[in-house]
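Here is the structure we will look at, set down as structure tokens.
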Amino acid sequence: MTVSLKTTFTGLDFVNPFILASAPPTESKRKIMKAFEAGWGGVVTKTIGLHPVENVAGPKTIYQRASEEKPYVSRMKRPDTVSHSSWNWELISDQPLEQWLPDLKEIKEAYPDRMVIASIMAGADGEEEMQNWRKLARAVVDVGCDGIELNMSCPHMDRKDMGAHIANDEDIIRSVLAAVTDEVDVPIWVKLTPATSTLVDAAGAAYAAGASAISLCNTFPSLPLMDPETHKFEVEVDGYVTSGGLGGLAILHQALQRVSDISRAYPDQSISGIGGIKGFREAFNFIAHGAGNLQVCTAAMEEKGSGGVGVQLIKELCDDLAAYMESKGYTSIEDFRGIARERIVEHSKIRRKSEDYNGGFMKSA
């Protein structure tokens with residue numbers, strides 16, 4: 001029996017199902033080249049836009065830890081702590097499109113067997129912004145990118161026609177996808193915010209409008225902690241803070257719920273799973289709930305000595321997945337993808353202590 005980690009996802013052939021998410025690990029040519037050298041199957045670039053971007057005058061990302069002895073969550077360095085989450089208020093790439101294009105071309109020429117998905121973002125206020133989506137899509141495809149991820153989920157944008165502000169507007173989703181799919185003929189992934197009660201409907205609108213996959217979960221909107229002694233936030237600029245994104249292990253279970261919701265609603269559609277993947281067990285669960293592709297961020301950034309791209313992490317992920325598949329007799333991840341789907345049911349389907357319970361409804365006289 002031969003175990004193969006090769007996967008075909010949205011028509012693209014990946015040497016393994018693990019890719020780096022759109023974030024600091026994919027913010028430059030140097031990092032992406034190092035990631036491919038280490039063995040990652042693909043990358044989603046840091047989001048490329050056409051609008052002015054300038055990051056905060058201070059730390060853009062922090063890592064929060066917890067311990068058994070002092071079980072509060074804090075970025076404070078303490079002995080015997082374990083990773084809890086990451087928190088960031090970083091914006092999209094501040095590298096202009098004109099700088100990205102030759103870099104993307106060089107990356108694809110150096111690693112033709114690795115998939116480069118360009119994350120792009122523009123606004124939604126009128127035809128000029130639709131033209132910006134078209135311009136970005138055409139430019140990245142012309143230099144060799146294999147696919148595009150539409151960023152409709154960044155929780156940090158001031159503009160109300162960008163990022164997570166537009167993620168659950170089905171008309172905007174349809175308009176953006178119409179603009180991009182008319183311009184290019186590559187797989188289009190749509191990255192939606194998990195912070196909405198209409199996620200399933202938004203995903204349905206995206207699929208119907210031509211999305212090849214939904215990518216989720218992006219980070220959850222959140223605030224950093226304030227120290228009770230100093231009254232300082234654990235990350236701030238001039239004493240102020242604003243909403244940022246929570247990622248890492250802390251969002252794993254919520255991310256799995258979102259993936260499950262989409263997978264059960266649209267079992268024949270593709271999902272790229274993101275949120276808290278630190279090792280094989282987390283990756284397995286995303287696949288079991290229906291994801292056919294796995295994006296990693298925080299765990300790669302946290303790995304010491306890797307330059308933030310998870311050099312050892314990708315080896316461990318591939319080795320552990322291959323060993324598991326061999327032990328179970330699986331030849332590809334398709335052999336177990338979605339195995340959890342049919343076992344997620346409504347509360348009324350769960351056996352109760354007695355047969356009399358009827359879901360909390362009053363019995364009629």
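Convention: chains lettered A, B, ... in structure tokens order; per-chain residue numbering from 1; ligands numbered from 1 as shown.
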
Run DSSP on the backbone and grab whatever in range 145-281 of chain A lands in alpha helix (DSSP H); send it over as a PDB file with N, CA, C and O atoms, in the first residue's frame.
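Done, and the output landed in states-v3.pdb:
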ATOM      1  N   GLU A 170     -24.802  39.516   0.940  1.00  0.00           N
ATOM      2  CA  GLU A 170     -24.837  38.590  -0.185  1.00  0.00           C
ATOM      3  C   GLU A 170     -24.784  39.304  -1.530  1.00  0.00           C
ATOM      4  O   GLU A 170     -24.212  38.783  -2.499  1.00  0.00           O
ATOM      5  N   ASP A 171     -25.347  40.496  -1.623  1.00  0.00           N
ATOM      6  CA  ASP A 171     -25.291  41.245  -2.883  1.00  0.00           C
ATOM      7  C   ASP A 171     -23.849  41.629  -3.225  1.00  0.00           C
ATOM      8  O   ASP A 171     -23.431  41.549  -4.380  1.00  0.00           O
ATOM      9  N   ILE A 172     -23.091  42.043  -2.210  1.00  0.00           N
ATOM     10  CA  ILE A 172     -21.693  42.409  -2.447  1.00  0.00           C
ATOM     11  C   ILE A 172     -20.881  41.171  -2.816  1.00  0.00           C
ATOM     12  O   ILE A 172     -20.044  41.212  -3.730  1.00  0.00           O
ATOM     13  N   ILE A 173     -21.111  40.069  -2.126  1.00  0.00           N
ATOM     14  CA  ILE A 173     -20.416  38.825  -2.463  1.00  0.00           C
ATOM     15  C   ILE A 173     -20.645  38.472  -3.923  1.00  0.00           C
ATOM     16  O   ILE A 173     -19.703  38.149  -4.655  1.00  0.00           O
ATOM     17  N   ARG A 174     -21.883  38.551  -4.357  1.00  0.00           N
ATOM     18  CA  ARG A 174     -22.199  38.229  -5.749  1.00  0.00           C
ATOM     19  C   ARG A 174     -21.538  39.206  -6.715  1.00  0.00           C
ATOM     20  O   ARG A 174     -21.019  38.811  -7.775  1.00  0.00           O
ATOM     21  N   SER A 175     -21.536  40.490  -6.364  1.00  0.00           N
ATOM     22  CA  SER A 175     -20.950  41.503  -7.253  1.00  0.00           C
ATOM     23  C   SER A 175     -19.443  41.306  -7.407  1.00  0.00           C
ATOM     24  O   SER A 175     -18.909  41.379  -8.520  1.00  0.00           O
ATOM     25  N   VAL A 176     -18.762  41.059  -6.300  1.00  0.00           N
ATOM     26  CA  VAL A 176     -17.311  40.877  -6.359  1.00  0.00           C
ATOM     27  C   VAL A 176     -16.958  39.615  -7.140  1.00  0.00           C
ATOM     28  O   VAL A 176     -16.054  39.617  -7.982  1.00  0.00           O
ATOM     29  N   LEU A 177     -17.671  38.541  -6.867  1.00  0.00           N
ATOM     30  CA  LEU A 177     -17.391  37.302  -7.595  1.00  0.00           C
ATOM     31  C   LEU A 177     -17.691  37.442  -9.079  1.00  0.00           C
ATOM     32  O   LEU A 177     -16.954  36.918  -9.926  1.00  0.00           O
ATOM     33  N   ALA A 178     -18.731  38.173  -9.425  1.00  0.00           N
ATOM     34  CA  ALA A 178     -19.033  38.392 -10.841  1.00  0.00           C
ATOM     35  C   ALA A 178     -17.895  39.147 -11.517  1.00  0.00           C
ATOM     36  O   ALA A 178     -17.479  38.810 -12.631  1.00  0.00           O
ATOM     37  N   ALA A 179     -17.379  40.158 -10.827  1.00  0.00           N
ATOM     38  CA  ALA A 179     -16.276  40.941 -11.392  1.00  0.00           C
ATOM     39  C   ALA A 179     -15.039  40.085 -11.598  1.00  0.00           C
ATOM     40  O   ALA A 179     -14.392  40.128 -12.654  1.00  0.00           O
ATOM     41  N   VAL A 180     -14.691  39.285 -10.597  1.00  0.00           N
ATOM     42  CA  VAL A 180     -13.449  38.521 -10.656  1.00  0.00           C
ATOM     43  C   VAL A 180     -13.559  37.323 -11.596  1.00  0.00           C
ATOM     44  O   VAL A 180     -12.645  37.048 -12.393  1.00  0.00           O
ATOM     45  N   THR A 181     -14.676  36.598 -11.533  1.00  0.00           N
ATOM     46  CA  THR A 181     -14.806  35.419 -12.396  1.00  0.00           C
ATOM     47  C   THR A 181     -14.936  35.786 -13.863  1.00  0.00           C
ATOM     48  O   THR A 181     -14.591  34.988 -14.736  1.00  0.00           O
ATOM     49  N   ASP A 182     -15.406  36.985 -14.165  1.00  0.00           N
ATOM     50  CA  ASP A 182     -15.445  37.451 -15.555  1.00  0.00           C
ATOM     51  C   ASP A 182     -14.051  37.809 -16.072  1.00  0.00           C
ATOM     52  O   ASP A 182     -13.804  37.813 -17.276  1.00  0.00           O
ATOM     53  N   GLU A 183     -13.152  38.098 -15.124  1.00  0.00           N
ATOM     54  CA  GLU A 183     -11.826  38.590 -15.502  1.00  0.00           C
ATOM     55  C   GLU A 183     -10.795  37.476 -15.645  1.00  0.00           C
ATOM     56  O   GLU A 183      -9.921  37.543 -16.505  1.00  0.00           O
ATOM     57  N   LEU A 199     -23.406  33.090   8.339  1.00  0.00           N
ATOM     58  CA  LEU A 199     -22.276  32.515   7.621  1.00  0.00           C
ATOM     59  C   LEU A 199     -22.713  31.493   6.576  1.00  0.00           C
ATOM     60  O   LEU A 199     -22.224  31.503   5.445  1.00  0.00           O
ATOM     61  N   VAL A 200     -23.625  30.623   6.934  1.00  0.00           N
ATOM     62  CA  VAL A 200     -24.056  29.579   6.003  1.00  0.00           C
ATOM     63  C   VAL A 200     -24.710  30.200   4.766  1.00  0.00           C
ATOM     64  O   VAL A 200     -24.462  29.781   3.637  1.00  0.00           O
ATOM     65  N   ASP A 201     -25.533  31.219   4.975  1.00  0.00           N
ATOM     66  CA  ASP A 201     -26.174  31.885   3.840  1.00  0.00           C
ATOM     67  C   ASP A 201     -25.144  32.604   2.970  1.00  0.00           C
ATOM     68  O   ASP A 201     -25.229  32.585   1.736  1.00  0.00           O
ATOM     69  N   ALA A 202     -24.168  33.261   3.614  1.00  0.00           N
ATOM     70  CA  ALA A 202     -23.126  33.955   2.867  1.00  0.00           C
ATOM     71  C   ALA A 202     -22.306  32.970   2.048  1.00  0.00           C
ATOM     72  O   ALA A 202     -21.961  33.237   0.880  1.00  0.00           O
ATOM     73  N   ALA A 203     -21.992  31.827   2.632  1.00  0.00           N
ATOM     74  CA  ALA A 203     -21.248  30.806   1.898  1.00  0.00           C
ATOM     75  C   ALA A 203     -22.055  30.294   0.718  1.00  0.00           C
ATOM     76  O   ALA A 203     -21.511  30.095  -0.382  1.00  0.00           O
ATOM     77  N   GLY A 204     -23.340  30.090   0.927  1.00  0.00           N
ATOM     78  CA  GLY A 204     -24.197  29.635  -0.169  1.00  0.00           C
ATOM     79  C   GLY A 204     -24.230  30.621  -1.315  1.00  0.00           C
ATOM     80  O   GLY A 204     -24.187  30.234  -2.491  1.00  0.00           O
ATOM     81  N   ALA A 205     -24.308  31.916  -0.981  1.00  0.00           N
ATOM     82  CA  ALA A 205     -24.291  32.943  -2.021  1.00  0.00           C
ATOM     83  C   ALA A 205     -22.969  32.922  -2.777  1.00  0.00           C
ATOM     84  O   ALA A 205     -22.941  33.088  -4.008  1.00  0.00           O
ATOM     85  N   ALA A 206     -21.867  32.709  -2.061  1.00  0.00           N
ATOM     86  CA  ALA A 206     -20.556  32.668  -2.706  1.00  0.00           C
ATOM     87  C   ALA A 206     -20.432  31.468  -3.638  1.00  0.00           C
ATOM     88  O   ALA A 206     -19.985  31.597  -4.787  1.00  0.00           O
ATOM     89  N   TYR A 207     -20.823  30.303  -3.157  1.00  0.00           N
ATOM     90  CA  TYR A 207     -20.768  29.115  -4.010  1.00  0.00           C
ATOM     91  C   TYR A 207     -21.615  29.306  -5.270  1.00  0.00           C
ATOM     92  O   TYR A 207     -21.181  29.002  -6.389  1.00  0.00           O
ATOM     93  N   ALA A 208     -22.818  29.814  -5.097  1.00  0.00           N
ATOM     94  CA  ALA A 208     -23.724  29.992  -6.228  1.00  0.00           C
ATOM     95  C   ALA A 208     -23.181  30.994  -7.239  1.00  0.00           C
ATOM     96  O   ALA A 208     -23.482  30.910  -8.438  1.00  0.00           O
ATOM     97  N   LEU A 252      -9.859  26.989  17.924  1.00  0.00           N
ATOM     98  CA  LEU A 252      -9.986  25.704  17.227  1.00  0.00           C
ATOM     99  C   LEU A 252     -11.420  25.193  17.210  1.00  0.00           C
ATOM    100  O   LEU A 252     -11.962  24.860  16.150  1.00  0.00           O
ATOM    101  N   HIS A 253     -12.052  25.115  18.374  1.00  0.00           N
ATOM    102  CA  HIS A 253     -13.377  24.494  18.438  1.00  0.00           C
ATOM    103  C   HIS A 253     -14.433  25.331  17.728  1.00  0.00           C
ATOM    104  O   HIS A 253     -15.363  24.787  17.114  1.00  0.00           O
ATOM    105  N   GLN A 254     -14.301  26.643  17.799  1.00  0.00           N
ATOM    106  CA  GLN A 254     -15.235  27.505  17.066  1.00  0.00           C
ATOM    107  C   GLN A 254     -15.024  27.362  15.560  1.00  0.00           C
ATOM    108  O   GLN A 254     -15.987  27.361  14.789  1.00  0.00           O
ATOM    109  N   ALA A 255     -13.764  27.261  15.151  1.00  0.00           N
ATOM    110  CA  ALA A 255     -13.484  27.098  13.725  1.00  0.00           C
ATOM    111  C   ALA A 255     -14.055  25.778  13.211  1.00  0.00           C
ATOM    112  O   ALA A 255     -14.639  25.723  12.113  1.00  0.00           O
ATOM    113  N   LEU A 256     -13.906  24.708  13.985  1.00  0.00           N
ATOM    114  CA  LEU A 256     -14.462  23.423  13.572  1.00  0.00           C
ATOM    115  C   LEU A 256     -15.977  23.499  13.436  1.00  0.00           C
ATOM    116  O   LEU A 256     -16.566  22.901  12.521  1.00  0.00           O
ATOM    117  N   GLN A 257     -16.641  24.235  14.345  1.00  0.00           N
ATOM    118  CA  GLN A 257     -18.091  24.390  14.247  1.00  0.00           C
ATOM    119  C   GLN A 257     -18.475  25.065  12.937  1.00  0.00           C
ATOM    120  O   GLN A 257     -19.403  24.636  12.249  1.00  0.00           O
ATOM    121  N   ARG A 258     -17.743  26.130  12.575  1.00  0.00           N
ATOM    122  CA  ARG A 258     -18.052  26.848  11.330  1.00  0.00           C
ATOM    123  C   ARG A 258     -17.817  25.961  10.113  1.00  0.00           C
ATOM    124  O   ARG A 258     -18.610  25.942   9.176  1.00  0.00           O
ATOM    125  N   VAL A 259     -16.709  25.227  10.113  1.00  0.00           N
ATOM    126  CA  VAL A 259     -16.435  24.320   9.000  1.00  0.00           C
ATOM    127  C   VAL A 259     -17.530  23.255   8.904  1.00  0.00           C
ATOM    128  O   VAL A 259     -18.029  22.941   7.820  1.00  0.00           O
ATOM    129  N   SER A 260     -17.925  22.727  10.046  1.00  0.00           N
ATOM    130  CA  SER A 260     -18.989  21.724  10.062  1.00  0.00           C
ATOM    131  C   SER A 260     -20.296  22.286   9.524  1.00  0.00           C
ATOM    132  O   SER A 260     -21.006  21.634   8.754  1.00  0.00           O
ATOM    133  N   ASP A 261     -20.634  23.512   9.929  1.00  0.00           N
ATOM    134  CA  ASP A 261     -21.873  24.137   9.463  1.00  0.00           C
ATOM    135  C   ASP A 261     -21.896  24.226   7.937  1.00  0.00           C
ATOM    136  O   ASP A 261     -22.905  23.901   7.293  1.00  0.00           O
ATOM    137  N   ILE A 262     -20.776  24.695   7.377  1.00  0.00           N
ATOM    138  CA  ILE A 262     -20.718  24.847   5.918  1.00  0.00           C
ATOM    139  C   ILE A 262     -20.708  23.484   5.240  1.00  0.00           C
ATOM    140  O   ILE A 262     -21.399  23.260   4.229  1.00  0.00           O
ATOM    141  N   SER A 263     -19.929  22.563   5.769  1.00  0.00           N
ATOM    142  CA  SER A 263     -19.801  21.247   5.164  1.00  0.00           C
ATOM    143  C   SER A 263     -21.117  20.486   5.151  1.00  0.00           C
ATOM    144  O   SER A 263     -21.443  19.796   4.180  1.00  0.00           O
ATOM    145  N   ARG A 264     -21.888  20.595   6.224  1.00  0.00           N
ATOM    146  CA  ARG A 264     -23.175  19.894   6.273  1.00  0.00           C
ATOM    147  C   ARG A 264     -24.217  20.550   5.382  1.00  0.00           C
ATOM    148  O   ARG A 264     -25.078  19.878   4.815  1.00  0.00           O
ATOM    149  N   ALA A 265     -24.121  21.868   5.240  1.00  0.00           N
ATOM    150  CA  ALA A 265     -25.071  22.579   4.384  1.00  0.00           C
ATOM    151  C   ALA A 265     -24.759  22.374   2.904  1.00  0.00           C
ATOM    152  O   ALA A 265     -25.671  22.308   2.074  1.00  0.00           O
ATOM    153  N   PHE A 280      -1.025  17.296  14.042  1.00  0.00           N
ATOM    154  CA  PHE A 280      -1.850  16.368  13.277  1.00  0.00           C
ATOM    155  C   PHE A 280      -3.279  16.269  13.797  1.00  0.00           C
ATOM    156  O   PHE A 280      -4.231  16.210  13.023  1.00  0.00           O
ATOM    157  N   ARG A 281      -3.474  16.235  15.115  1.00  0.00           N
ATOM    158  CA  ARG A 281      -4.815  16.011  15.651  1.00  0.00           C
ATOM    159  C   ARG A 281      -5.782  17.109  15.235  1.00  0.00           C
ATOM    160  O   ARG A 281      -6.949  16.847  14.916  1.00  0.00           O
TER     161      ARG A 281
END

> Skipping near chain neighbours, those fewer than 2 positions away, what residues fall within 6 Å of range 209-215 of chain A using only C-alpha atoms, listed as a list in words?
Replying inline: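 Residues meeting the cut-off are Thr10, Arg174, Pro187, Ile188, Trp189, Val190, Lys191, Ala206, Tyr207, Ser270, Ile271 and Ser272 of chain A.
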
> Using only C-alpha atoms, which residues sit within 7 Å of Leu246 in chain A once same-chain residues fewer than 5 positions away are excluded, as a PyMOL selection string?
Replying inline: chain A and resi 85-88+219-222

Report the closest atom pair, with its distance in Å rounded to one decimal, for each residue of range 113-181 of chain A that has an atom no farther than 8 Å from range 35-59 of chain A; count only C-alpha atoms, sort by chain and then rising residue number, and write it as JSON lines.
{"residue": "A:Arg114", "atom": "CA", "partner": "A:Gly42", "partner_atom": "CA", "distance": 5.3}
{"residue": "A:Met115", "atom": "CA", "partner": "A:Gly42", "partner_atom": "CA", "distance": 4.4}
{"residue": "A:Val116", "atom": "CA", "partner": "A:Val43", "partner_atom": "CA", "distance": 5.4}
{"residue": "A:Ile117", "atom": "CA", "partner": "A:Val44", "partner_atom": "CA", "distance": 4.6}
{"residue": "A:Ala118", "atom": "CA", "partner": "A:Thr45", "partner_atom": "CA", "distance": 5.2}
{"residue": "A:Ser119", "atom": "CA", "partner": "A:Thr47", "partner_atom": "CA", "distance": 4.5}
{"residue": "A:Ile120", "atom": "CA", "partner": "A:Ile48", "partner_atom": "CA", "distance": 4.7}
{"residue": "A:Met121", "atom": "CA", "partner": "A:Gly49", "partner_atom": "CA", "distance": 5.2}
{"residue": "A:Ala122", "atom": "CA", "partner": "A:Gly49", "partner_atom": "CA", "distance": 6.0}
{"residue": "A:Asn132", "atom": "CA", "partner": "A:Leu50", "partner_atom": "CA", "distance": 7.3}
{"residue": "A:Leu136", "atom": "CA", "partner": "A:Gly49", "partner_atom": "CA", "distance": 7.3}
{"residue": "A:Glu149", "atom": "CA", "partner": "A:Val44", "partner_atom": "CA", "distance": 7.4}
{"residue": "A:Asn151", "atom": "CA", "partner": "A:Thr47", "partner_atom": "CA", "distance": 7.1}

> Near Glu303 in chain A, counting only C-alpha atoms, which residues have an atom at most 8 Å away, once you skip same-chain residues fewer than 5 positions from it, shown as an NGL selection string?
Replying inline: :A and (308-313)

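Distances to Asp80 in chain A were evaluated for A:Glu302, A:Pro112, A:Ala66, A:Thr242 using only C-alpha atoms, and the minimum falls at A:Ala66.
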
> What does the distance between CA of Asp158 in chain A and CA of Leu192 in chain A come to in Å, to one decimal place?
Replying inline: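 Those two atoms sit 17.3 Å apart.
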
>> Between A:Ala195, A:Val345, A:Cys145, A:Met130, which residue has the minimum interatomic distance to Leu12 in chain A, considering only C-alpha atoms?
In response: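 Going through A:Ala195, A:Val345, A:Cys145, A:Met130 one by one, the smallest distance to Leu12 in chain A is for A:Cys145.
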
>> Just to confirm, what's the straight-line distance from CA of Ile274 in chain A to CA of Gln295 in chain A in Å (one decimal)?
In response: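 CA of Gln295 in chain A lies 5.0 Å from CA of Ile274 in chain A.
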
>> What parts of range 228-260 of chain A does DSSP call strand (DSSP E)? I'd like the answer as number ranges by chain.
In response: A: 244-247

Dump of all heavy atoms for the selected residues, as a tab-separated table (two decimals), in the first residue's frame:
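Wrote it out as again_7.tsv, contents follow:
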chain	number	residue	atom	x	y	z
A	244	GLY	N	-8.92	43.71	17.39
A	244	GLY	CA	-7.97	42.91	16.64
A	244	GLY	C	-8.52	41.52	16.42
A	244	GLY	O	-9.71	41.26	16.64
A	245	GLY	N	-7.65	40.60	16.01
A	245	GLY	CA	-8.11	39.26	15.70
A	245	GLY	C	-7.48	38.20	16.59
A	245	GLY	O	-6.26	38.18	16.77
A	246	LEU	N	-8.31	37.33	17.17
A	246	LEU	CA	-7.84	36.22	17.99
A	246	LEU	C	-7.68	34.99	17.12
A	246	LEU	O	-8.58	34.61	16.38
A	246	LEU	CB	-8.84	35.93	19.11
A	246	LEU	CG	-8.40	34.89	20.15
A	246	LEU	CD1	-7.32	35.48	21.06
A	246	LEU	CD2	-9.59	34.42	20.97
A	247	GLY	N	-6.50	34.35	17.21
A	247	GLY	CA	-6.24	33.13	16.45
A	247	GLY	C	-5.53	32.11	17.30
A	247	GLY	O	-5.39	32.26	18.51

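Nearest to Phe9 in chain A of all the residues A:Asp146, A:Glu342, A:Glu234, A:Glu355 is A:Asp146, counting only C-alpha atoms.
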